[in-house]
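**Student:** Okay, so here is input-v9.cif, and as you'll see once you scroll down, it has mmCIF, C-alpha atoms.
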```cif
data_model
loop_
_atom_site.label_atom_id
_atom_site.label_comp_id
_atom_site.auth_asym_id
_atom_site.auth_seq_id
_atom_site.Cartn_x
_atom_site.Cartn_y
_atom_site.Cartn_z
CA MET A 1 31.93 -299.26 161.53
CA ILE A 2 30.48 -297.93 164.78
CA ILE A 3 32.50 -295.22 166.46
CA ALA A 4 32.86 -295.75 170.19
CA ILE A 5 31.79 -292.52 171.83
CA PRO A 6 31.90 -292.52 175.64
CA ALA A 7 28.37 -292.26 176.97
CA SER A 8 26.27 -292.77 180.05
CA VAL A 9 22.57 -293.52 180.29
CA SER A 10 20.27 -290.91 181.73
CA PRO A 11 18.20 -292.56 184.50
CA GLU A 12 15.34 -290.24 183.64
CA CYS A 13 14.77 -291.27 180.03
CA GLY A 14 17.30 -293.92 179.00
CA CYS A 15 18.96 -291.68 176.42
CA GLU A 16 22.68 -291.81 175.79
CA LEU A 17 24.31 -288.63 177.01
CA PRO A 18 28.01 -287.68 176.76
CA ALA A 19 29.81 -289.04 179.81
CA GLN A 20 32.43 -286.31 179.61
CA GLN A 21 33.17 -283.22 177.61
CA ARG A 22 35.44 -284.95 175.08
CA LEU A 23 34.66 -283.51 171.69
CA VAL A 24 34.37 -285.97 168.80
CA SER A 25 35.80 -285.05 165.42
CA ILE A 26 33.64 -284.27 162.41
CA ALA A 27 34.77 -287.55 160.85
CA GLU A 28 33.79 -289.53 163.96
CA ALA A 29 30.40 -287.88 164.11
CA LEU A 30 29.77 -288.49 160.42
CA ALA A 31 30.76 -292.16 160.71
CA ALA A 32 28.30 -292.62 163.55
CA ILE A 33 25.53 -290.83 161.61
CA VAL A 34 25.77 -292.92 158.42
CA ASP A 35 26.66 -296.21 160.12
CA GLY A 36 24.31 -298.93 158.90
CA VAL A 37 22.25 -296.57 156.74
CA GLY A 38 21.08 -298.00 153.42
CA PRO A 39 18.72 -296.76 150.72
CA VAL A 40 15.02 -296.57 151.47
CA SER A 41 13.29 -299.75 150.32
CA GLY A 42 11.60 -300.14 146.96
CA ILE A 43 12.15 -299.12 143.36
CA GLU A 44 10.28 -296.46 141.41
CA ILE A 45 10.14 -296.53 137.61
CA LEU A 46 10.22 -293.03 136.12
CA PRO A 47 10.28 -291.62 132.61
CA VAL A 48 13.90 -290.72 131.92
CA ALA A 49 12.93 -287.15 131.03
CA GLN A 50 11.46 -286.70 134.55
CA ALA A 51 14.29 -288.34 136.48
CA ARG A 52 16.74 -285.44 136.91
CA GLY A 53 18.13 -285.41 140.44
CA ARG A 54 16.98 -288.95 141.24
CA VAL A 55 19.32 -291.83 142.09
CA ILE A 56 19.61 -294.98 139.96
CA ALA A 57 18.39 -298.01 141.90
CA THR A 58 19.84 -300.78 139.70
CA PRO A 59 22.51 -300.80 136.97
CA VAL A 60 21.29 -299.84 133.49
CA ALA A 61 22.67 -300.82 130.09
CA SER A 62 22.34 -299.48 126.56
CA GLU A 63 19.54 -300.89 124.44
CA MET A 64 21.18 -299.86 121.14
CA PRO A 65 24.55 -298.86 119.74
CA LEU A 66 25.50 -295.21 119.58
CA PRO A 67 25.80 -294.01 116.90
CA ARG A 68 23.22 -296.39 115.45
CA PHE A 69 24.83 -296.22 111.98
CA ASP A 70 27.93 -294.84 110.31
CA ASN A 71 27.34 -291.13 109.74
CA SER A 72 29.17 -288.02 108.65
CA ALA A 73 30.84 -285.86 111.30
CA MET A 74 30.57 -282.73 109.14
CA ASP A 75 29.29 -281.21 105.92
CA GLY A 76 31.45 -282.29 103.00
CA TYR A 77 31.93 -284.91 100.28
CA ALA A 78 32.06 -288.69 100.60
CA ILE A 79 35.20 -290.30 99.23
CA HIS A 80 35.55 -293.90 98.00
CA GLY A 81 38.47 -295.95 99.34
CA ASP A 82 40.07 -296.08 95.90
CA ASP A 83 40.04 -292.28 95.68
CA ILE A 84 41.82 -291.36 98.93
CA SER A 85 44.99 -290.45 97.03
CA ARG A 86 43.28 -289.49 93.78
CA ALA A 87 44.36 -286.19 92.23
CA ALA A 88 41.74 -286.11 89.45
CA PRO A 89 38.33 -284.50 90.05
CA LEU A 90 35.42 -286.63 91.30
CA ARG A 91 32.04 -286.59 89.59
CA LEU A 92 29.23 -285.35 91.88
CA THR A 93 26.21 -287.68 91.66
CA ASP A 94 23.94 -287.01 94.64
CA ARG A 95 23.29 -285.20 97.93
CA ILE A 96 22.49 -286.83 101.30
CA ALA A 97 20.99 -284.92 104.26
CA ALA A 98 20.55 -286.13 107.84
CA GLY A 99 17.35 -288.06 108.41
CA HIS A 100 16.63 -288.47 104.70
CA ARG A 101 16.77 -291.42 102.32
CA GLU A 102 19.70 -293.78 101.98
CA VAL A 103 21.59 -293.82 98.69
CA ALA A 104 23.28 -296.53 96.69
CA ALA A 105 26.84 -297.61 97.36
CA LEU A 106 29.45 -295.11 96.22
CA ALA A 107 31.41 -296.01 93.11
CA ALA A 108 35.07 -295.14 92.64
CA GLY A 109 35.62 -291.89 90.76
CA THR A 110 32.36 -290.38 92.06
CA THR A 111 31.34 -288.46 95.16
CA VAL A 112 28.14 -287.40 96.93
CA GLN A 113 27.60 -284.27 98.93
CA ILE A 114 26.91 -285.37 102.53
CA LEU A 115 25.68 -283.28 105.45
CA THR A 116 26.46 -283.71 109.14
CA GLY A 117 24.62 -286.68 110.66
CA ALA A 118 23.64 -288.22 107.32
CA PRO A 119 24.20 -291.99 106.87
CA VAL A 120 27.42 -292.89 105.09
CA PRO A 121 26.82 -295.02 101.96
CA ALA A 122 28.62 -298.30 101.45
CA GLY A 123 32.02 -297.87 99.84
CA VAL A 124 32.75 -294.55 101.56
CA ALA A 125 36.14 -294.49 103.27
CA ALA A 126 36.28 -290.85 104.39
CA VAL A 127 34.50 -287.52 104.28
CA VAL A 128 36.38 -284.42 103.16
CA PRO A 129 35.10 -281.08 104.53
CA HIS A 130 33.59 -278.54 102.13
CA GLU A 131 36.33 -276.02 102.86
CA GLN A 132 39.00 -278.46 101.65
CA THR A 133 37.38 -278.83 98.23
CA ARG A 134 36.64 -276.81 95.12
CA ARG A 135 33.67 -277.18 92.77
CA ALA A 136 33.97 -276.99 89.01
CA GLY A 137 30.50 -277.58 87.65
CA ASN A 138 29.63 -281.20 88.46
CA ASP A 139 33.20 -281.99 89.43
CA VAL A 140 34.69 -281.82 92.95
CA ILE A 141 38.42 -281.25 93.36
CA ILE A 142 40.03 -282.35 96.66
CA GLU A 143 42.62 -279.77 97.73
CA SER A 144 43.92 -281.28 101.00
CA PRO A 145 45.24 -284.71 101.93
CA ILE A 146 42.74 -287.03 103.56
CA ALA A 147 43.13 -290.33 105.41
CA LEU A 148 40.97 -293.42 105.70
CA GLY A 149 38.16 -292.93 108.25
CA ASP A 150 38.44 -289.15 108.44
CA ASN A 151 35.22 -287.43 109.61
CA ILE A 152 33.14 -290.60 109.86
CA ARG A 153 31.38 -291.49 113.11
CA ARG A 154 31.34 -295.29 113.20
CA ALA A 155 28.32 -297.22 114.49
CA GLY A 156 28.85 -298.21 118.12
CA GLU A 157 32.02 -296.16 118.62
CA ASP A 158 30.45 -294.39 121.63
CA MET A 159 28.64 -297.43 123.02
CA VAL A 160 27.44 -300.87 121.91
CA ALA A 161 24.11 -302.53 122.64
CA GLY A 162 24.13 -304.10 126.10
CA GLN A 163 27.02 -301.97 127.32
CA PRO A 164 26.71 -300.95 131.01
CA LEU A 165 25.97 -297.24 131.25
CA LEU A 166 25.28 -296.23 134.84
CA GLN A 167 25.76 -298.00 138.14
CA ALA A 168 23.30 -298.05 141.03
CA GLY A 169 23.85 -294.99 143.20
CA THR A 170 24.36 -292.56 140.30
CA ARG A 171 22.49 -289.28 140.75
CA LEU A 172 21.06 -288.28 137.39
CA ASP A 173 21.94 -284.89 135.97
CA PRO A 174 21.22 -283.49 132.47
CA ARG A 175 24.21 -285.39 130.99
CA HIS A 176 22.80 -288.71 132.16
CA ILE A 177 19.33 -287.86 130.84
CA ALA A 178 20.79 -287.29 127.37
CA LEU A 179 22.85 -290.49 127.54
CA LEU A 180 19.94 -292.69 128.61
CA LEU A 181 17.58 -291.37 125.97
CA ALA A 182 20.23 -291.71 123.24
CA ALA A 183 20.78 -295.31 124.38
CA GLY A 184 17.11 -296.12 123.81
CA LEU A 185 15.90 -296.09 127.43
CA ILE A 186 12.51 -294.47 128.01
CA HIS A 187 12.14 -295.41 131.69
CA VAL A 188 14.70 -295.77 134.47
CA PRO A 189 14.63 -297.45 137.92
CA VAL A 190 15.28 -295.03 140.79
CA THR A 191 15.18 -295.20 144.57
CA PRO A 192 11.99 -293.78 146.11
CA ARG A 193 12.02 -290.22 147.36
CA VAL A 194 13.18 -289.86 150.97
CA ARG A 195 10.25 -288.75 153.12
CA LEU A 196 11.82 -286.06 155.28
CA GLY A 197 10.14 -284.22 158.14
CA LEU A 198 11.11 -280.88 159.69
CA LEU A 199 10.29 -279.96 163.28
CA SER A 200 11.35 -276.84 165.17
CA THR A 201 11.35 -276.62 168.95
CA GLY A 202 11.10 -273.71 171.36
CA ASP A 203 8.54 -271.68 173.31
CA GLU A 204 10.10 -268.54 171.84
CA LEU A 205 9.38 -269.46 168.21
CA VAL A 206 6.51 -268.48 165.98
CA SER A 207 6.01 -269.13 162.28
CA ALA A 208 6.43 -266.25 159.83
CA GLY A 209 3.24 -264.22 159.57
CA GLU A 210 1.97 -265.06 163.05
CA ALA A 211 1.57 -262.42 165.75
CA LEU A 212 4.84 -261.68 167.53
CA GLY A 213 4.83 -261.30 171.30
CA ALA A 214 7.42 -259.19 173.06
CA HIS A 215 9.84 -262.10 173.41
CA HIS A 216 9.03 -264.15 170.34
CA ILE A 217 11.41 -265.00 167.51
CA VAL A 218 10.41 -265.89 163.93
CA ASP A 219 11.38 -269.48 163.15
CA THR A 220 13.83 -269.31 160.24
CA ASN A 221 15.20 -272.84 160.45
CA ARG A 222 12.29 -274.62 158.82
CA PRO A 223 12.15 -272.17 155.86
CA LEU A 224 15.96 -272.32 155.53
CA LEU A 225 16.07 -276.11 155.58
CA SER A 226 12.98 -276.41 153.39
CA ALA A 227 14.67 -274.30 150.72
CA LEU A 228 17.94 -276.22 151.11
CA LEU A 229 16.17 -279.58 150.93
CA ALA A 230 13.88 -278.81 148.01
CA VAL A 231 15.62 -281.37 145.79
CA PRO A 232 14.01 -283.93 143.45
CA ASP A 233 14.59 -287.00 145.62
CA VAL A 234 13.24 -285.53 148.86
CA GLU A 235 9.56 -285.41 149.85
CA LEU A 236 9.25 -282.69 152.50
CA HIS A 237 6.82 -282.78 155.44
CA ASP A 238 6.51 -279.75 157.73
CA PHE A 239 5.59 -280.63 161.32
CA GLY A 240 5.70 -277.04 162.53
CA ILE A 241 6.90 -275.84 165.93
CA VAL A 242 6.56 -277.78 169.17
CA GLU A 243 6.72 -276.17 172.61
CA ASP A 244 9.44 -276.88 175.16
CA SER A 245 7.57 -279.77 176.71
CA ARG A 246 8.75 -283.34 176.80
CA LYS A 247 5.19 -284.67 176.51
CA ALA A 248 4.25 -282.42 173.59
CA ALA A 249 7.54 -283.08 171.79
CA SER A 250 7.20 -286.82 172.32
CA GLU A 251 3.70 -286.88 170.81
CA ARG A 252 4.75 -284.76 167.82
CA ILE A 253 7.86 -286.90 167.20
CA ARG A 254 5.81 -290.11 167.36
CA ASP A 255 3.36 -288.71 164.82
CA ALA A 256 6.13 -287.43 162.52
CA ALA A 257 8.09 -290.67 162.63
CA ALA A 258 5.08 -292.63 161.42
CA LYS A 259 5.06 -290.56 158.21
CA THR A 260 8.75 -290.14 157.41
CA ASP A 261 12.00 -291.96 156.70
CA LEU A 262 14.06 -289.17 158.27
CA LEU A 263 13.01 -286.57 160.83
CA ILE A 264 15.06 -283.40 161.34
CA THR A 265 14.62 -281.38 164.50
CA THR A 266 16.25 -278.02 165.27
CA GLY A 267 16.86 -276.68 168.75
CA GLY A 268 16.58 -278.27 172.16
CA ILE A 269 19.66 -280.49 171.85
CA CYS A 270 22.29 -278.65 173.92
CA GLY A 271 21.69 -280.78 177.03
CA SER A 272 20.36 -278.21 179.48
CA ASP A 273 17.29 -278.83 181.63
CA ALA A 274 15.27 -276.81 179.11
CA ASP A 275 16.23 -279.04 176.19
CA HIS A 276 13.70 -281.82 175.78
CA ILE A 277 14.28 -283.33 172.34
CA ALA A 278 16.53 -286.25 173.28
CA PRO A 279 14.37 -287.31 176.26
CA ALA A 280 11.24 -286.84 174.13
CA ILE A 281 12.59 -289.23 171.46
CA CYS A 282 13.23 -291.83 174.13
CA ALA A 283 9.81 -291.24 175.71
CA ALA A 284 8.26 -291.88 172.28
CA GLY A 285 9.93 -295.30 172.25
CA GLY A 286 13.07 -294.40 170.31
CA THR A 287 16.75 -293.97 171.03
CA CYS A 288 18.92 -290.87 170.86
CA ARG A 289 22.61 -290.19 171.25
CA GLN A 290 23.81 -286.66 171.87
CA LEU A 291 27.21 -285.76 170.44
CA LYS A 292 29.43 -282.79 171.14
CA VAL A 293 31.37 -282.25 167.93
CA ALA A 294 34.66 -280.36 167.61
CA LEU A 295 32.86 -277.83 165.42
CA ARG A 296 31.95 -274.16 165.57
CA PRO A 297 29.12 -273.38 165.00
CA GLY A 298 27.16 -276.59 165.52
CA LYS A 299 28.85 -278.32 168.45
CA PRO A 300 25.78 -280.15 169.84
CA ILE A 301 23.89 -282.57 167.59
CA GLY A 302 21.83 -285.66 168.19
CA ILE A 303 21.31 -288.88 166.25
CA GLY A 304 18.45 -291.20 166.96
CA ARG A 305 15.90 -293.64 165.68
CA LEU A 306 12.25 -294.37 166.26
CA HIS A 307 11.23 -297.68 164.68
CA ALA A 308 12.38 -297.44 161.04
CA THR A 309 12.70 -293.64 161.07
CA ARG A 310 16.12 -292.02 161.43
CA ILE A 311 16.20 -288.85 163.51
CA MET A 312 18.79 -286.11 163.34
CA CYS A 313 18.76 -283.28 165.86
CA LEU A 314 20.41 -280.04 164.73
CA PRO A 315 21.20 -276.92 166.77
CA GLY A 316 18.73 -274.05 166.82
CA ASN A 317 20.79 -271.13 165.51
CA PRO A 318 20.51 -270.60 161.73
CA LEU A 319 24.21 -270.81 160.81
CA SER A 320 24.63 -273.82 163.09
CA ALA A 321 21.66 -275.52 161.45
CA LEU A 322 23.04 -274.77 157.98
CA VAL A 323 26.58 -275.99 158.70
CA THR A 324 25.47 -279.19 160.41
CA ALA A 325 22.91 -279.87 157.67
CA VAL A 326 25.57 -279.70 155.00
CA LEU A 327 28.23 -281.59 156.97
CA PHE A 328 25.99 -284.34 158.32
CA LEU A 329 22.50 -284.23 156.84
CA ARG A 330 23.70 -284.16 153.23
CA PRO A 331 25.71 -287.44 153.56
CA LEU A 332 22.85 -289.03 155.49
CA LEU A 333 20.36 -288.11 152.77
CA ARG A 334 22.70 -289.44 150.10
CA ALA A 335 23.01 -292.75 151.95
CA LEU A 336 19.20 -293.01 152.26
CA ALA A 337 18.92 -292.33 148.53
CA GLY A 338 21.45 -295.05 147.73
CA GLU A 339 24.19 -292.63 146.70
CA GLN A 340 27.75 -292.79 147.96
CA PRO A 341 28.36 -289.96 150.48
CA LYS A 342 30.96 -287.41 149.39
CA GLU A 343 33.23 -285.20 151.41
CA LEU A 344 32.75 -281.46 151.46
CA SER A 345 35.82 -280.52 149.43
CA GLY A 346 36.04 -276.74 149.07
CA ILE A 347 38.61 -274.78 147.07
CA ALA A 348 41.88 -273.08 147.97
CA ALA A 349 41.62 -269.38 148.80
CA VAL A 350 43.94 -266.77 150.31
CA ALA A 351 43.30 -265.07 153.64
CA GLY A 352 43.00 -261.35 153.06
CA GLU A 353 43.30 -260.59 156.77
CA VAL A 354 44.03 -262.33 160.07
CA PHE A 355 41.44 -265.04 160.82
CA ARG A 356 41.47 -265.41 164.60
CA HIS A 357 41.11 -269.05 165.61
CA SER A 358 41.83 -271.14 168.69
CA PRO A 359 42.79 -274.78 168.11
CA GLY A 360 40.37 -277.45 169.23
CA ARG A 361 37.39 -277.07 166.89
CA THR A 362 36.91 -276.75 163.13
CA GLU A 363 35.25 -273.40 162.51
CA PHE A 364 33.20 -272.19 159.56
CA VAL A 365 33.30 -268.41 159.09
CA PRO A 366 31.14 -266.33 156.71
CA VAL A 367 33.44 -264.60 154.21
CA ILE A 368 33.27 -262.38 151.15
CA VAL A 369 35.50 -262.60 148.11
CA THR A 370 37.39 -259.34 147.72
CA SER A 371 38.41 -257.94 144.34
CA SER A 372 41.96 -259.26 144.72
CA ILE A 373 43.00 -262.52 143.03
CA ASP A 374 46.51 -263.87 143.57
CA ALA A 375 48.97 -265.02 140.89
CA TRP A 376 47.63 -268.59 141.01
CA GLY A 377 44.03 -267.50 140.47
CA ARG A 378 42.95 -268.14 144.05
CA PRO A 379 40.26 -265.85 145.46
CA ARG A 380 41.14 -263.64 148.39
CA VAL A 381 38.60 -263.76 151.21
CA ALA A 382 37.78 -261.53 154.16
CA SER A 383 35.73 -262.32 157.23
CA LEU A 384 32.27 -261.00 158.10
CA PRO A 385 30.98 -260.64 161.69
CA ARG A 386 30.80 -264.07 163.28
CA GLY A 387 27.99 -265.56 165.30
CA SER A 388 25.72 -268.54 164.73
CA HIS A 389 22.68 -266.26 165.01
CA ARG A 390 23.79 -263.72 162.38
CA LEU A 391 21.58 -264.09 159.32
CA LEU A 392 22.78 -260.84 157.71
CA SER A 393 26.40 -262.05 157.65
CA LEU A 394 25.16 -265.28 156.11
CA VAL A 395 23.35 -263.40 153.35
CA LYS A 396 26.22 -261.00 152.62
CA ALA A 397 28.73 -263.86 152.46
CA ASP A 398 29.95 -265.49 149.25
CA GLY A 399 30.60 -268.66 151.21
CA LEU A 400 32.25 -270.03 154.32
CA ALA A 401 35.93 -270.31 155.15
CA GLU A 402 36.92 -273.49 156.98
CA LEU A 403 39.46 -273.02 159.77
CA PRO A 404 40.99 -276.42 160.66
CA GLU A 405 40.61 -277.95 164.11
CA ASN A 406 44.37 -278.12 164.74
CA SER A 407 45.29 -274.64 163.47
CA GLY A 408 45.73 -271.35 165.24
CA ASP A 409 45.29 -267.96 163.63
CA ILE A 410 45.35 -267.88 159.82
CA LEU A 411 47.61 -265.03 158.75
CA PRO A 412 47.20 -262.78 155.68
CA GLY A 413 48.45 -264.51 152.54
CA GLU A 414 48.09 -268.00 153.97
CA THR A 415 45.90 -270.60 152.30
CA VAL A 416 42.42 -271.20 153.67
CA LYS A 417 39.77 -273.63 152.44
CA PHE A 418 36.74 -271.84 150.95
CA HIS A 419 33.26 -273.27 150.37
CA PRO A 420 31.34 -271.06 147.91
CA PHE A 421 27.58 -271.07 148.50
CA ILE A 422 27.06 -271.45 144.76
CA SER A 423 28.58 -274.94 144.84
CA GLY A 424 29.93 -276.20 148.14
CA PHE A 425 26.95 -275.54 150.37
CA ALA A 426 24.20 -277.06 148.30
CA LEU A 427 22.54 -280.42 148.70
#
```
Can you give me the file's structure in the form of structure tokens?
**Tutor:**
Amino acid sequence: MIIAIPASVSPECGCELPAQQRLVSIAEALAAIVDGVGPVSGIEILPVAQARGRVIATPVASEMPLPRFDNSAMDGYAIHGDDISRAAPLRLTDRIAAGHREVAALAAGTTVQILTGAPVPAGVAAVVPHEQTRRAGNDVIIESPIALGDNIRRAGEDMVAGQPLLQAGTRLDPRHIALLLAAGLIHVPVTPRVRLGLLSTGDELVSAGEALGAHHIVDTNRPLLSALLAVPDVELHDFGIVEDSRKAASERIRDAAAKTDLLITTGGICGSDADHIAPAICAAGGTCRQLKVALRPGKPIGIGRLHATRIMCLPGNPLSALVTAVLFLRPLLRALAGEQPKELSGIAAVAGEVFRHSPGRTEFVPVIVTSSIDAWGRPRVASLPRGSHRLLSLVKADGLAELPENSGDILPGETVKFHPFISGFAL
């Protein structure tokens, strides 16, 4: 679905610019960003053990049953079906350990000591735990009732050969790695890594370590986004800083687009006469649409394309870049990787003070968790100094509180949505 966003065409560059100051919702902006986006082409075959964080490209199925054979779920004694209700002692004839030899079928009136994971001999109907037995020489006395099938893991009870395991679009985590290897898979098909480029804009910026003039600012956006985007299915390319020049930006964008699937720019997207990114994309032969989102921080963003390369233009202030990256870049990256985009969910928290907020834009505020926890186990949060340029507040914060677009002030004790950095604001 394409969201209709009122726009006019700039006669200077052919870019789509907002025709009026109507703010689009976060949902509208996100729908426009991911519209028509599919996974990057191709399939890569990786060893399962090296595939953590990658996205399955095609469905995979088990190559063997799990468990592969009937085995004991604990250390104990194997019981024949005829002896389930037997009161007389059983004669101990053997011992079976995991990974060792198989033994002959169990005869009624006898038992074998069996350890966890060891194959269950034919004729065994249950395994009784050690602690429910008593030894008397070579005899074993069962002291607790036992039922057919107790403590036996049956072959194929977890999965059977040929059973579908994971669907395309599944991002592999350690659980999946264990499952695939147990199911007999050594290699797995995944979508190729997304080639992602980062480009900062601004005459005022210099890279860390370079000489600072009187009016220079260290570029923090590329390091911030590089750290945020250092995930297994992303291949990062750093295209540095480009000056506030349409010609220079156009040349750099054209070069970057030839080497990437997705190009991220920061800065130069607000729409003033000093902001050249959108016109530069168009001058390079691409298209760009500037959106004003009902969001604070991060109101101005841009979405574009140059040939096969998607372009996303983020604001220049650090908190704005972080918020828009998580809200919009994360779903876009997931779509390019073949994964289903997910909403940023957050958890319920309690306002520990008044959160001042004017309706009209969703706002993300740096907050700390205070020592107080309410009766329902919800954290209590308090605000830190706001401002999209404030890195210290960002570092001191435990996460961001989300103040809804249609709400006014959030009063003490009221519920507020909280996005902990440890979980919510990670790619």
**Student:** In terms of the shortest atom-to-atom distance over all atoms listed in the file, which of A:Leu384, A:Ala321, A:Val367, A:Ile301 is closest to Pro223 of chain A?
**Tutor:**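 Residue with the minimum atom-to-atom distance to Pro223 of chain A: A:Ala321.
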**Student:** Check the smallest atom-to-atom distance from each of A:Gln340, A:Thr309, A:Asn317, A:Ser62 to Leu180 of chain A using only C-alpha atoms, then report the winner.
**Tutor:**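 Going through A:Gln340, A:Thr309, A:Asn317, A:Ser62 one by one, the smallest distance to Leu180 of chain A is for A:Ser62.
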**Student:** Please, which residues in segment 223-251 of chain A fall within 12 Å of segment 159-175 of chain A when counting all atoms listed in the file, and what is the closest atom pair and distance in Å to one decimal for each, ordered by chain then residue number, as a Markdown table?
**Tutor:**
```
| residue | atom | partner | partner_atom | distance |
| --- | --- | --- | --- | --- |
| A:Val231 | CA | A:Arg171 | CA | 11.6 |
| A:Pro232 | CA | A:Leu172 | CA | 10.3 |
| A:Asp233 | CA | A:Arg171 | CA | 9.6 |
```
**Student:** Which of these residues is nearest to Gly149 of chain A, using only C-alpha atoms: A:His80, A:Arg22, A:His187, A:His176?
**Tutor:**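 Ranked by minimum distance to Gly149 of chain A, first place goes to A:His80.
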**Student:** Name the closest residue to Asp83 of chain A among the candidates A:Pro385, A:Gly123, A:Pro359, A:Gly213; distances are taken between atoms, counting all atoms listed in the file.
**Tutor:** A:Gly123
**Student:** Give me the residues within 12 Å of Arg101 of chain A as a ChimeraX atom specification, counting all atoms listed in the file and dropping any in the same chain fewer than 3 places off.
**Tutor:** /A:94-98,104,114,118-121
**Student:** Would you list the contacts of segment 345-357 of chain A as number ranges by chain, taking every protein, DNA or RNA residue within 7 Å and counting all atoms listed in the file, but skipping same-chain residues closer than 3 positions in sequence?
**Tutor:** A: 378-382, 408-419, 424
**Student:** Using only C-alpha atoms, which of A:Pro189, A:Pro331, A:Gly184, A:Gly76 sits nearest Thr133 of chain A?
**Tutor:**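 Nearest candidate to Thr133 of chain A out of A:Pro189, A:Pro331, A:Gly184, A:Gly76: A:Gly76.
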**Student:** Please identify all polymer residues within 7 Å of segment 37-49 of chain A, counting only C-alpha atoms, omitting same-chain residues fewer than 3 positions from it, and present them as a VMD selection string.
**Tutor:** chain A and resid 34 57 177 186 to 192 194 335 to 338
**Student:** Starting from the PyMOL selection byres ((chain A and resi 90) around 8), expand the selection into actual residues of this file and give them as a list of chain:residue names.
**Tutor:**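 Applying the expression gives A:Ala88, A:Pro89, A:Arg91, A:Leu92, A:Gly109, A:Thr110, A:Thr111, A:Asp139, A:Val140, A:Ile141.
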**Student:** Restricting the calculation to all atoms listed in the file, which member of A:Pro318, A:Glu157, A:Gly53, A:Ile422 is positioned closest to Leu392 of chain A?
**Tutor:**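 Residue with the minimum atom-to-atom distance to Leu392 of chain A: A:Pro318.
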**Student:** Tell me, as a PyMOL selection string, which residues lie within 7 Å of Asn151 of chain A, counting only C-alpha atoms; anything in the same chain fewer than 5 positions away does not count.
**Tutor:** chain A and resi 72-74+126-127
**Student:** Could you tell me which residues the PyMOL selection byres ((chain A and resi 282) around 9) returns for this structure, as number ranges by chain?
**Tutor:** A: 13-15, 250, 277-281, 283-288, 304, 306
**Student:** Can you tell me how far atom CA of Ala122 of chain A sits from atom CA of Ala105 of chain A, in Å to one decimal?
**Tutor:**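 Rounded to one decimal, the two atoms are 4.5 Å apart.
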